[in-house]
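Here is the file run.txt (compact mmCIF, C-alpha atoms and all ligand atoms).
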```txt
# COMPACT_ATOMS: atom_id res chain seq x y z
CA MET A 29 14.01 10.28 2.52
CA ASN A 30 15.59 6.87 2.79
CA SER A 31 16.34 6.44 6.47
CA GLN A 32 17.10 2.75 6.14
CA ARG A 33 19.73 3.40 3.53
CA SER A 34 21.52 5.96 5.69
CA ARG A 35 21.22 3.66 8.70
CA SER A 36 23.17 0.97 6.85
CA HIS A 37 26.17 3.34 6.59
CA ARG A 38 26.28 3.52 10.35
CA ARG A 39 26.48 -0.20 10.84
CA ALA A 40 30.26 -0.69 10.96
CA PRO A 41 30.99 0.82 14.41
CA LEU A 42 28.20 -1.31 15.82
CA LEU A 43 29.66 -4.53 14.48
CA ALA A 44 30.99 -5.78 17.82
CA LEU A 45 27.68 -5.12 19.49
CA PHE A 46 25.86 -6.81 16.61
CA CYS A 47 28.03 -9.96 16.99
CA VAL A 48 27.18 -10.13 20.68
CA SER A 49 23.50 -9.73 19.85
CA VAL A 50 23.65 -12.56 17.32
CA LEU A 51 25.22 -14.85 19.92
CA LEU A 52 22.59 -13.93 22.46
CA SER A 53 19.63 -13.97 20.14
CA PRO A 54 18.91 -16.74 17.65
CA VAL A 55 16.08 -14.59 16.27
CA LEU A 56 18.38 -11.74 15.29
CA GLY A 57 20.81 -14.25 13.83
CA ALA A 58 18.06 -15.51 11.50
CA ASP A 59 17.25 -11.97 10.47
CA LYS A 60 19.28 -11.62 7.30
CA SER A 61 16.70 -11.36 4.52
CA GLY A 62 18.81 -11.17 1.40
CA ASP A 63 20.40 -7.87 0.48
CA PHE A 64 17.34 -5.73 0.84
CA GLN A 65 17.49 -2.41 2.65
CA ARG A 66 13.93 -2.66 3.78
CA ILE A 67 11.60 -5.52 4.57
CA GLY A 68 8.13 -4.12 5.17
CA TYR A 69 4.86 -5.77 6.10
CA TYR A 70 1.55 -4.25 5.02
CA VAL A 71 -1.22 -5.16 7.46
CA PHE A 72 -4.82 -4.00 7.74
CA ILE A 73 -5.77 -2.53 11.09
CA GLY A 74 -9.44 -3.17 10.38
CA THR A 75 -11.23 -5.20 7.72
CA GLY A 76 -9.87 -3.07 4.85
CA ASP A 77 -11.51 -4.42 1.71
CA TYR A 78 -11.87 -8.02 2.95
CA LYS A 79 -15.25 -9.67 2.58
CA PRO A 80 -16.57 -11.42 5.71
CA GLU A 81 -16.10 -14.82 4.04
CA TYR A 82 -12.33 -14.17 3.85
CA GLY A 83 -12.29 -14.49 7.63
CA PRO A 84 -10.45 -11.25 8.49
CA GLU A 85 -8.48 -11.69 11.71
CA THR A 86 -6.89 -8.34 12.44
CA PRO A 87 -10.13 -6.43 13.20
CA SER A 88 -10.41 -8.41 16.43
CA PHE A 89 -6.74 -8.00 17.41
CA THR A 90 -6.15 -6.65 20.90
CA LEU A 91 -3.11 -4.51 21.64
CA ALA A 92 -1.36 -7.66 22.95
CA ASP A 93 -2.07 -9.39 19.61
CA TRP A 94 -0.53 -6.45 17.76
CA GLU A 95 2.54 -6.53 20.00
CA ASN A 96 2.93 -10.27 19.36
CA LEU A 97 2.55 -9.74 15.62
CA ILE A 98 5.13 -6.94 15.60
CA ASP A 99 7.57 -9.13 17.57
CA TYR A 100 6.97 -11.95 15.09
CA LEU A 101 7.49 -9.70 12.04
CA LYS A 102 10.73 -8.43 13.58
CA SER A 103 11.85 -12.06 13.77
CA ARG A 104 11.04 -12.32 10.06
CA GLY A 105 13.32 -9.49 9.05
CA ALA A 106 10.94 -6.55 9.37
CA THR A 107 12.45 -3.09 9.18
CA THR A 108 9.16 -1.43 8.34
CA PHE A 109 5.56 -1.70 9.54
CA ILE A 110 2.82 -0.47 7.20
CA PRO A 111 -0.63 -0.46 8.79
CA LEU A 112 -3.63 0.33 6.60
CA VAL A 113 -5.69 2.84 8.54
CA THR A 114 -8.63 3.08 6.13
CA GLY A 115 -10.79 0.62 4.16
CA HIS A 116 -14.46 0.40 3.30
CA LYS A 117 -14.95 1.68 6.84
CA LEU A 118 -12.50 3.51 9.09
CA PRO A 119 -10.72 1.36 11.73
CA TYR A 120 -10.20 4.25 14.13
CA PRO A 121 -12.82 6.30 15.99
CA SER A 122 -13.13 9.09 13.42
CA ARG A 123 -14.81 12.27 14.59
CA ALA A 124 -14.81 13.76 11.10
CA PHE A 125 -16.69 10.82 9.54
CA PRO A 126 -18.39 9.01 12.45
CA LYS A 127 -20.97 7.38 10.18
CA HIS A 128 -18.24 5.48 8.33
CA VAL A 129 -16.39 3.99 11.29
CA GLU A 130 -15.92 0.23 11.62
CA THR A 131 -17.52 0.23 15.07
CA GLU A 132 -17.06 -3.50 15.59
CA ALA A 133 -13.26 -3.34 15.14
CA GLN A 134 -11.24 -3.67 18.33
CA SER A 135 -8.99 -0.77 17.25
CA VAL A 136 -12.08 1.46 17.28
CA ARG A 137 -13.39 0.18 20.60
CA ASP A 138 -10.13 0.84 22.45
CA ASP A 139 -8.66 3.51 20.09
CA SER A 140 -5.41 1.51 20.05
CA LEU A 141 -3.85 2.82 16.82
CA GLN A 142 -1.46 5.17 18.60
CA ARG A 143 -0.33 2.41 20.96
CA ILE A 144 0.21 0.05 18.01
CA ILE A 145 2.32 2.70 16.26
CA ASP A 146 4.25 3.40 19.47
CA TYR A 147 4.99 -0.29 20.03
CA ALA A 148 6.29 -0.65 16.44
CA LYS A 149 8.49 2.42 16.92
CA LYS A 150 9.74 1.14 20.26
CA SER A 151 10.63 -2.05 18.38
CA ARG A 152 12.76 0.11 16.06
CA LEU A 153 10.52 -0.31 13.07
CA GLU A 154 9.88 2.42 10.57
CA VAL A 155 6.12 3.13 10.56
CA ILE A 156 4.34 4.14 7.37
CA LEU A 157 0.57 4.66 7.52
CA ALA A 158 -1.33 3.45 4.46
CA PHE A 159 -4.48 5.14 3.15
CA THR A 160 -6.87 4.03 0.47
CA THR A 161 -8.05 7.24 -1.12
CA THR A 162 -10.77 7.48 -3.77
CA GLY A 163 -11.32 3.71 -3.79
CA HIS A 164 -12.00 1.08 -1.12
CA CYS A 165 -14.28 3.57 0.62
CA ARG A 166 -17.57 1.78 0.03
CA SER A 167 -19.38 3.07 3.11
CA TYR A 168 -18.86 6.70 2.11
CA ALA A 169 -19.28 6.10 -1.64
CA GLN A 170 -22.65 4.41 -1.12
CA ASP A 171 -23.85 7.51 0.71
CA HIS A 172 -22.58 9.79 -2.07
CA PRO A 173 -23.42 8.42 -5.52
CA GLU A 174 -23.17 12.00 -6.84
CA LEU A 175 -19.41 11.95 -6.14
CA CYS A 176 -18.74 8.52 -7.61
CA ILE A 177 -17.04 7.39 -10.78
CA VAL A 178 -19.75 6.68 -13.37
CA ASN A 179 -19.89 3.49 -15.43
CA GLU A 180 -20.77 3.55 -19.13
CA ASP A 181 -24.36 2.52 -18.31
CA GLY A 182 -24.69 5.55 -15.97
CA SER A 183 -24.53 3.58 -12.72
CA PRO A 184 -22.15 4.70 -9.94
CA ALA A 185 -18.94 2.67 -9.49
CA PRO A 186 -17.67 2.09 -5.92
CA GLY A 187 -15.04 4.83 -6.05
CA LEU A 188 -14.91 8.63 -6.02
CA CYS A 189 -14.06 10.67 -9.12
CA PRO A 190 -11.62 13.48 -8.20
CA ASN A 191 -13.07 15.62 -11.00
CA ARG A 192 -16.45 15.83 -9.24
CA PRO A 193 -16.81 18.82 -6.88
CA GLY A 194 -16.82 17.66 -3.25
CA SER A 195 -15.24 14.28 -3.94
CA GLU A 196 -12.01 15.24 -2.16
CA VAL A 197 -13.67 16.02 1.16
CA TYR A 198 -13.54 12.43 2.40
CA PRO A 199 -10.10 11.20 1.21
CA LEU A 200 -8.35 14.47 2.13
CA GLY A 201 -10.32 14.74 5.37
CA VAL A 202 -9.34 11.25 6.49
CA VAL A 203 -5.63 11.88 5.87
CA GLU A 204 -5.86 15.24 7.64
CA GLU A 205 -7.61 13.76 10.65
CA VAL A 206 -5.26 10.80 11.00
CA LEU A 207 -2.11 12.92 10.68
CA LYS A 208 -3.45 15.40 13.22
CA ARG A 209 -4.45 12.76 15.68
CA TYR A 210 -1.75 10.08 15.48
CA LYS A 211 1.94 10.84 15.93
CA ASN A 212 5.33 9.10 15.93
CA LEU A 213 5.20 7.96 12.32
CA ASP A 214 7.75 8.05 9.52
CA GLY A 215 5.64 8.32 6.44
CA LEU A 216 2.52 7.76 4.43
CA LEU A 217 1.48 5.44 1.63
CA ILE A 218 -1.44 6.15 -0.67
CA HIS A 219 -3.47 3.57 -2.53
CA PRO A 220 -5.20 4.49 -5.82
CA PRO A 221 -8.57 2.84 -6.52
CA GLU A 222 -8.52 -0.71 -7.85
CA ILE A 223 -11.27 0.00 -10.31
CA LYS A 224 -11.98 0.04 -14.05
CA PRO A 225 -10.07 3.15 -15.25
CA ILE A 226 -12.93 4.90 -16.93
CA CYS A 227 -15.41 7.54 -15.79
CA PHE A 228 -18.44 8.83 -17.69
CA CYS A 229 -19.38 11.49 -15.13
CA PRO A 230 -20.43 14.90 -16.57
CA GLU A 231 -17.28 16.57 -15.23
CA CYS A 232 -14.93 14.05 -16.86
CA ARG A 233 -16.80 14.37 -20.17
CA THR A 234 -16.56 18.18 -20.08
CA LEU A 235 -12.92 18.25 -19.03
CA TYR A 236 -11.96 15.69 -21.64
CA LYS A 237 -13.67 17.73 -24.35
CA GLN A 238 -11.93 20.94 -23.16
CA LYS A 239 -8.55 19.24 -23.08
CA THR A 240 -8.65 17.29 -26.34
CA GLY A 241 -11.50 18.73 -28.39
CA GLN A 242 -12.83 15.18 -28.65
CA ASP A 243 -15.89 13.51 -27.16
CA TYR A 244 -15.12 11.18 -24.27
CA ALA A 245 -17.66 8.67 -25.61
CA GLY A 246 -15.66 8.35 -28.82
CA ALA A 247 -12.21 8.15 -27.20
CA SER A 248 -10.18 4.94 -27.34
CA PRO A 249 -9.92 2.82 -24.17
CA LEU A 250 -6.22 3.74 -23.90
CA ASP A 251 -6.95 7.49 -24.16
CA ARG A 252 -9.69 7.21 -21.55
CA GLN A 253 -7.29 5.31 -19.30
CA ARG A 254 -4.63 7.99 -19.74
CA PHE A 255 -7.13 10.67 -18.78
CA PHE A 256 -8.10 8.62 -15.71
CA VAL A 257 -4.41 8.34 -14.71
CA GLU A 258 -3.90 12.09 -15.16
CA THR A 259 -6.97 12.78 -13.05
CA TYR A 260 -5.79 10.54 -10.22
CA LEU A 261 -2.20 11.81 -10.25
CA LYS A 262 -3.40 15.41 -10.01
CA PHE A 263 -5.46 14.46 -6.99
CA ALA A 264 -2.54 12.48 -5.48
CA ALA A 265 -0.21 15.49 -5.82
CA LYS A 266 -2.76 17.65 -3.98
CA LEU A 267 -3.18 15.08 -1.22
CA LEU A 268 0.58 14.70 -0.76
CA ALA A 269 1.13 18.47 -0.62
CA LYS A 270 -1.55 18.74 2.05
CA ALA A 271 -0.16 15.82 4.06
CA GLN A 272 3.36 17.20 3.90
CA LYS A 273 2.17 20.48 5.41
CA GLN A 274 0.53 18.64 8.23
CA ALA A 275 3.23 16.23 9.37
CA SER A 276 6.92 15.63 8.91
CA LEU A 277 7.00 12.73 6.46
CA ASN A 278 10.35 11.10 5.74
CA VAL A 279 8.81 8.55 3.40
CA LYS A 280 6.07 9.19 0.85
CA LEU A 281 4.84 6.25 -1.14
CA MET A 282 2.15 5.34 -3.63
CA PHE A 283 1.04 1.92 -4.79
CA ASN A 284 0.76 1.39 -8.52
CA CYS A 285 -2.45 -0.02 -9.96
CA ASP A 286 -2.23 -1.98 -13.19
CA TRP A 287 -4.10 0.78 -15.08
CA MET A 288 -1.07 3.01 -14.48
CA ASP A 289 1.50 0.63 -15.92
CA ASP A 290 1.24 1.88 -19.52
CA HIS A 291 1.37 5.53 -18.43
CA VAL A 292 4.42 5.70 -16.19
CA ASP A 293 5.60 8.81 -18.09
CA LEU A 294 2.71 10.77 -16.52
CA MET A 295 4.20 10.22 -13.08
CA SER A 296 6.75 12.96 -13.81
CA SER A 297 4.00 15.30 -12.56
CA LEU A 298 4.31 13.84 -9.06
CA PRO A 299 6.63 15.18 -6.34
CA ALA A 300 10.21 13.98 -6.86
CA ASP A 301 10.40 12.44 -3.39
CA LEU A 302 7.40 10.17 -3.91
CA ASP A 303 8.43 6.52 -4.15
CA ILE A 304 6.34 3.75 -5.70
CA ILE A 305 5.40 0.30 -4.42
CA TYR A 306 4.87 -1.97 -7.40
CA TRP A 307 2.71 -4.96 -6.51
CA ASP A 308 1.91 -8.02 -8.51
CA TYR A 309 0.52 -11.38 -7.43
CA ASN A 310 0.66 -13.24 -10.74
CA LEU A 311 2.98 -16.13 -9.95
CA LYS A 312 2.95 -17.92 -13.30
CA ASP A 313 6.42 -18.59 -14.70
CA ASP A 314 5.71 -17.06 -18.11
CA TYR A 315 4.42 -13.91 -16.41
CA LEU A 316 7.47 -13.71 -14.14
CA ALA A 317 9.73 -14.00 -17.18
CA GLY A 318 7.68 -11.50 -19.25
CA ARG A 319 5.30 -8.77 -18.14
CA LEU A 320 6.59 -8.61 -14.55
CA GLN A 321 10.11 -7.81 -15.68
CA GLU A 322 8.87 -5.38 -18.34
CA ASN A 323 6.87 -3.52 -15.71
CA LEU A 324 9.70 -3.44 -13.20
CA LYS A 325 12.01 -1.99 -15.84
CA ARG A 326 9.36 0.55 -16.79
CA TYR A 327 8.98 1.77 -13.19
CA GLN A 328 12.74 1.70 -12.73
CA THR A 329 13.13 4.31 -15.50
CA MET A 330 11.81 6.87 -13.03
CA LYS A 331 14.28 8.48 -10.68
CA ARG A 332 12.36 7.18 -7.69
CA THR A 333 12.86 4.41 -5.19
CA ILE A 334 10.74 1.46 -6.30
CA TRP A 335 9.55 -1.14 -3.81
CA TYR A 336 8.19 -4.55 -4.65
CA MET A 337 5.18 -6.05 -2.89
CA PRO A 338 4.65 -9.82 -3.06
CA SER A 339 1.74 -11.45 -1.23
CA SER A 340 1.74 -14.18 1.38
CA GLU A 341 -2.04 -14.49 0.96
CA PRO A 342 -2.93 -17.27 -1.54
CA ARG A 343 -6.43 -15.88 -2.08
CA PHE A 344 -5.03 -13.18 -4.37
CA TRP A 345 -2.43 -15.21 -6.20
CA THR A 346 -2.66 -16.14 -9.87
CA PRO A 347 -3.50 -18.96 -10.16
CA SER A 348 -5.89 -18.61 -7.21
CA ASP A 349 -5.85 -22.34 -6.50
CA ALA A 350 -2.05 -22.36 -6.08
CA ASP A 351 -0.67 -24.69 -3.46
CA PRO A 352 1.03 -22.60 -0.73
CA ILE A 353 4.32 -24.48 -1.00
CA TRP A 354 4.51 -23.84 -4.75
CA GLY A 355 3.10 -20.31 -4.32
CA CYS A 356 5.63 -19.30 -1.69
CA GLY A 357 8.42 -20.68 -3.90
CA GLN A 358 7.11 -18.51 -6.74
CA ALA A 359 6.95 -15.48 -4.40
CA VAL A 360 10.62 -16.09 -3.58
CA LYS A 361 11.30 -16.11 -7.34
CA GLN A 362 9.41 -12.78 -7.67
CA ILE A 363 11.54 -11.30 -4.91
CA LYS A 364 14.74 -12.51 -6.56
CA ILE A 365 13.62 -10.96 -9.87
CA ALA A 366 12.90 -7.69 -8.04
CA GLY A 367 16.38 -7.80 -6.47
CA ASP A 368 17.99 -8.58 -9.85
CA ASN A 369 16.19 -5.53 -11.24
CA GLY A 370 17.81 -3.27 -8.67
CA ILE A 371 14.95 -3.13 -6.17
CA LYS A 372 16.13 -2.73 -2.59
CA ASN A 373 12.84 -2.51 -0.71
CA ILE A 374 10.32 -5.29 -0.23
CA GLY A 375 6.93 -4.76 1.39
CA PHE A 376 4.89 -7.91 1.89
CA PHE A 377 1.12 -7.86 1.58
CA LEU A 378 -0.45 -9.55 4.61
CA GLY A 379 -3.89 -7.88 4.57
CA ALA A 380 -6.31 -8.81 7.35
CA CYS A 381 -5.13 -12.43 7.72
CA ILE A 382 -1.71 -13.40 9.02
CA ARG A 383 -0.46 -16.50 7.18
CA LYS A 384 2.51 -17.28 9.40
CA ALA A 385 3.26 -20.60 7.64
CA ASN A 386 3.57 -18.74 4.32
CA ILE A 387 5.55 -15.85 5.78
CA ASP A 388 7.95 -18.42 7.27
CA ARG A 389 8.28 -20.26 3.94
CA ILE A 390 9.00 -17.08 1.99
CA HIS A 391 11.36 -15.78 4.65
CA SER A 392 13.36 -18.99 4.74
CA GLY A 393 13.41 -19.04 0.90
CA MET A 394 14.82 -15.49 0.88
CA THR A 395 17.52 -16.20 3.43
CA ARG A 396 18.62 -19.52 1.94
ZN ZN B 401 -15.40 11.46 -13.50
```

Final structure tokens representation of the file:
Amino acid sequence: MNSQRSRSHRRAPLLALFCVSVLLSPVLGADKSGDFQRIGYYVFIGTGDYKPEYGPETPSFTLADWENLIDYLKSRGATTFIPLVTGHKLPYPSRAFPKHVETEAQSVRDDSLQRIIDYAKKSRLEVILAFTTTGHCRSYAQDHPELCIVNEDGSPAPGLCPNRPGSEVYPLGVVEEVLKRYKNLDGLLIHPPEIKPICFCPECRTLYKQKTGQDYAGASPLDRQRFFVETYLKFAAKLLAKAQKQASLNVKLMFNCDWMDDHVDLMSSLPADLDIIYWDYNLKDDYLAGRLQENLKRYQTMKRTIWYMPSSEPRFWTPSDADPIWGCGQAVKQIKIAGDNGIKNIGFFLGACIRKANIDRIHSGMTR
């Protein structure tokens, strides 16, 4: 499961070779990023969930741009490359869902995903493909309001409810297609929907009544949230079982969403070899000293490998007007807190914009 960990045991006989490499390569010499076993970078192949005004860069990346980025990330300690291969539209030329393809993305025009994966592998990076699942699928969800999560006022939310018949066709179909079509990867990462954890669809109401004897409308927000978590985890287990049958996956990962944080006990229903990436972009000192550490401890109670994902993208930081120099310093503090809490794997959020100045600041803060 943890190839990086086992690789570290094999380092000693290679010491002489490593010393020569350090002398020959200043880049490798600058590569020591703390004591972490993995340094991953999570990058969108297409636009992902970025709005046009965010100025997404990666959708126009040529293969040469991807190779340059991978070389750069290697120089910033990367052991792991995590491309997002979904989003509101699909950044690969899907045959299963051609209507929902991001046709303007370069990766669609030249079908370069396999070559990007192959270059990362050739660069000795572990490659984990990331999938948004029932959320961040706006193109499909807009076409299928009958499969969507339902708000209290009856309107469809921009996410699919796994309790609604037919809602799994798209998220399971995308994973199936990608794993069939693209090879040479080490694992998969699934992303739950970043959405209000509540669904008033008829199926959720009926199931909730069957399960608890209570009306969903009268349930407390926490009970509704717990039901939402149970619903998603059941779907996630099904997706993972299907993916595992399809490809050999050494690493299986799931992001947390904050609506899961109070229901970590429910994750015992997930496969034992599923690891979790906890992400949090609140950089305020009182938060770092409080809720962040509480949450890390909570996730650490599971017998799973927990990763931590800081962000180099100021747009998503709290506070959102943070100065990058301060913000990167706070991200370094987050990473130190993660390390102090026993976390060995870091996976940086880069999204669809590559903030090299910030990556450099954080990297140098980690290696200092
Ligand atoms: Zn529902």

Original post:
Between atom CA of Asn386 of chain A and atom CA of Leu320 of chain A, what is the spacing in Å?
Top reply: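 Separation of atom CA of Leu320 of chain A and atom CA of Asn386 of chain A: 21.6 Å.
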
Subject >> Selected residue of minimal separation from Pro225 of chain A among A:Ala275, A:Thr329, A:Val203, A:Trp287, counting all atoms listed in the file >> reply: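 Closest to Pro225 of chain A, using all atoms listed in the file: A:Trp287.
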
Hey, could you make a per-residue contact list for chain A against ligand ZN 401 (chain B) with 12 Å as the cut-off, showing the nearest pair of atoms and its distance in Å to one decimal, counting only C-alpha atoms and all ligand atoms, sorted by chain and number, as a Markdown table?
```
| residue | atom | partner | partner_atom | distance |
| --- | --- | --- | --- | --- |
| A:Thr162 | CA | B:ZN401 | ZN | 11.5 |
| A:Pro173 | CA | B:ZN401 | ZN | 11.7 |
| A:Glu174 | CA | B:ZN401 | ZN | 10.2 |
| A:Leu175 | CA | B:ZN401 | ZN | 8.4 |
| A:Cys176 | CA | B:ZN401 | ZN | 7.4 |
| A:Ile177 | CA | B:ZN401 | ZN | 5.2 |
| A:Val178 | CA | B:ZN401 | ZN | 6.5 |
| A:Asn179 | CA | B:ZN401 | ZN | 9.3 |
| A:Glu180 | CA | B:ZN401 | ZN | 11.1 |
| A:Gly182 | CA | B:ZN401 | ZN | 11.3 |
| A:Pro184 | CA | B:ZN401 | ZN | 10.2 |
| A:Ala185 | CA | B:ZN401 | ZN | 10.3 |
| A:Gly187 | CA | B:ZN401 | ZN | 10.0 |
| A:Leu188 | CA | B:ZN401 | ZN | 8.0 |
| A:Cys189 | CA | B:ZN401 | ZN | 4.6 |
| A:Pro190 | CA | B:ZN401 | ZN | 6.8 |
| A:Asn191 | CA | B:ZN401 | ZN | 5.4 |
| A:Arg192 | CA | B:ZN401 | ZN | 6.2 |
| A:Pro193 | CA | B:ZN401 | ZN | 10.0 |
| A:Ser195 | CA | B:ZN401 | ZN | 10.0 |
| A:Lys224 | CA | B:ZN401 | ZN | 11.9 |
| A:Pro225 | CA | B:ZN401 | ZN | 10.0 |
| A:Ile226 | CA | B:ZN401 | ZN | 7.8 |
| A:Cys227 | CA | B:ZN401 | ZN | 4.5 |
| A:Phe228 | CA | B:ZN401 | ZN | 5.8 |
| A:Cys229 | CA | B:ZN401 | ZN | 4.3 |
| A:Pro230 | CA | B:ZN401 | ZN | 6.8 |
| A:Glu231 | CA | B:ZN401 | ZN | 5.7 |
| A:Cys232 | CA | B:ZN401 | ZN | 4.3 |
| A:Arg233 | CA | B:ZN401 | ZN | 7.4 |
| A:Thr234 | CA | B:ZN401 | ZN | 9.5 |
| A:Leu235 | CA | B:ZN401 | ZN | 9.1 |
| A:Tyr236 | CA | B:ZN401 | ZN | 9.8 |
| A:Tyr244 | CA | B:ZN401 | ZN | 10.8 |
| A:Arg252 | CA | B:ZN401 | ZN | 10.7 |
| A:Gln253 | CA | B:ZN401 | ZN | 11.7 |
| A:Phe255 | CA | B:ZN401 | ZN | 9.8 |
| A:Phe256 | CA | B:ZN401 | ZN | 8.1 |
| A:Val257 | CA | B:ZN401 | ZN | 11.5 |
| A:Glu258 | CA | B:ZN401 | ZN | 11.6 |
| A:Thr259 | CA | B:ZN401 | ZN | 8.5 |
| A:Tyr260 | CA | B:ZN401 | ZN | 10.2 |
```

**OP:** For a cut-off of 9 Å around (6.3, -5.9, 6.6), file coordinates, pick out all residues using only C-alpha atoms and list them as a PyMOL selection string.
**Re:** chain A and resi 66-71+101-102+104-110+374-378

Save out the residues we just selected, C-alpha atoms, as a PDB file, in the coordinates of the input.
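Ended up saving to part_1.pdb:
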```pdb
ATOM      1  CA  ARG A  66      13.930  -2.660   3.780  1.00  0.00           C
ATOM      2  CA  ILE A  67      11.600  -5.520   4.570  1.00  0.00           C
ATOM      3  CA  GLY A  68       8.130  -4.120   5.170  1.00  0.00           C
ATOM      4  CA  TYR A  69       4.860  -5.770   6.100  1.00  0.00           C
ATOM      5  CA  TYR A  70       1.550  -4.250   5.020  1.00  0.00           C
ATOM      6  CA  VAL A  71      -1.220  -5.160   7.460  1.00  0.00           C
ATOM      7  CA  LEU A 101       7.490  -9.700  12.040  1.00  0.00           C
ATOM      8  CA  LYS A 102      10.730  -8.430  13.580  1.00  0.00           C
ATOM      9  CA  ARG A 104      11.040 -12.320  10.060  1.00  0.00           C
ATOM     10  CA  GLY A 105      13.320  -9.490   9.050  1.00  0.00           C
ATOM     11  CA  ALA A 106      10.940  -6.550   9.370  1.00  0.00           C
ATOM     12  CA  THR A 107      12.450  -3.090   9.180  1.00  0.00           C
ATOM     13  CA  THR A 108       9.160  -1.430   8.340  1.00  0.00           C
ATOM     14  CA  PHE A 109       5.560  -1.700   9.540  1.00  0.00           C
ATOM     15  CA  ILE A 110       2.820  -0.470   7.200  1.00  0.00           C
ATOM     16  CA  ILE A 374      10.320  -5.290  -0.230  1.00  0.00           C
ATOM     17  CA  GLY A 375       6.930  -4.760   1.390  1.00  0.00           C
ATOM     18  CA  PHE A 376       4.890  -7.910   1.890  1.00  0.00           C
ATOM     19  CA  PHE A 377       1.120  -7.860   1.580  1.00  0.00           C
ATOM     20  CA  LEU A 378      -0.450  -9.550   4.610  1.00  0.00           C
TER      21      LEU A 378
END
```

Subject >> 12 Å contact set for segment 352-355 of chain A, all atoms listed in the file, chain neighbours under 2 positions out, as an MDAnalysis selection string >> reply: chainID A and resid 309:313 338:350 357:362 383:390 393

Original post:
Just how far from atom CA of Tyr198 of chain A is atom CA of Gln170 of chain A, in Å to one decimal?
Top reply: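 Answer for the atom CA of Gln170 of chain A to atom CA of Tyr198 of chain A separation: 12.6 Å.
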
**OP:** Mind giving me the straight-line distance from atom CA of Phe283 of chain A to atom CA of Tyr327 of chain A in Å, one decimal?
**Re:** 11.6 Å

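The set of protein, DNA and RNA residues with any counted atom at most 10 Å from (-2.7, -6.2, 21.4) (only C-alpha atoms) reads Ser88, Phe89, Thr90, Leu91, Ala92, Asp93, Trp94, Glu95, Asn96, Leu97, Ile98, Gln134, Ser135, Ser140, Arg143, Ile144 and Tyr147 of chain A.
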
**OP:** Can you pull out every residue within 10 Å of Gln274 of chain A, counting all atoms listed in the file, but drop anything in the same chain fewer than 6 positions away, and send it as a PyMOL selection string?
**Re:** chain A and resi 203-205+207-208+268

Write the selection just made, keeping C-alpha atoms, as a short mmCIF file (atom, residue, chain, number, x, y, z; two decimals), keeping the file's coordinate frame?
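Generated file (selection36.cif):
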```cif
data_model
loop_
_atom_site.label_atom_id
_atom_site.label_comp_id
_atom_site.auth_asym_id
_atom_site.auth_seq_id
_atom_site.Cartn_x
_atom_site.Cartn_y
_atom_site.Cartn_z
CA VAL A 203 -5.63 11.88 5.87
CA GLU A 204 -5.86 15.24 7.64
CA GLU A 205 -7.61 13.76 10.65
CA LEU A 207 -2.11 12.92 10.68
CA LYS A 208 -3.45 15.40 13.22
CA LEU A 268 0.58 14.70 -0.76
#
```

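Between Ala269 of chain A and the residues A:Cys285, A:Leu250, A:Ile305, A:Ala300, the shortest atom-to-atom distance, using only C-alpha atoms, involves A:Ala300.
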
Subject >> 7 Å contact set for segment 152-157 of chain A, all atoms listed in the file, chain neighbours under 2 positions out, as a PyMOL selection string >> reply: chain A and resi 107-113+145+148-150+159+213-217

Original post:
Taking into account all atoms listed in the file, which residue in the set A:Met282, A:Ile382, A:Leu294, A:Ile371 is nearest to His219 of chain A?
Top reply: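 The shortest atom-to-atom distance to His219 of chain A comes from A:Met282.
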
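Between Glu196 of chain A and the candidates A:Leu267, A:Leu118, A:Ile223, A:Ala380, the tightest atom-to-atom separation, counting all atoms listed in the file, involves A:Leu267.
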
**OP:** Give the answer as one residue: which of A:Gln238, A:Thr75, A:Ser297, A:Ser276 has the shortest atom-to-atom distance to Lys262 of chain A, using all atoms listed in the file?
**Re:** A:Ser297
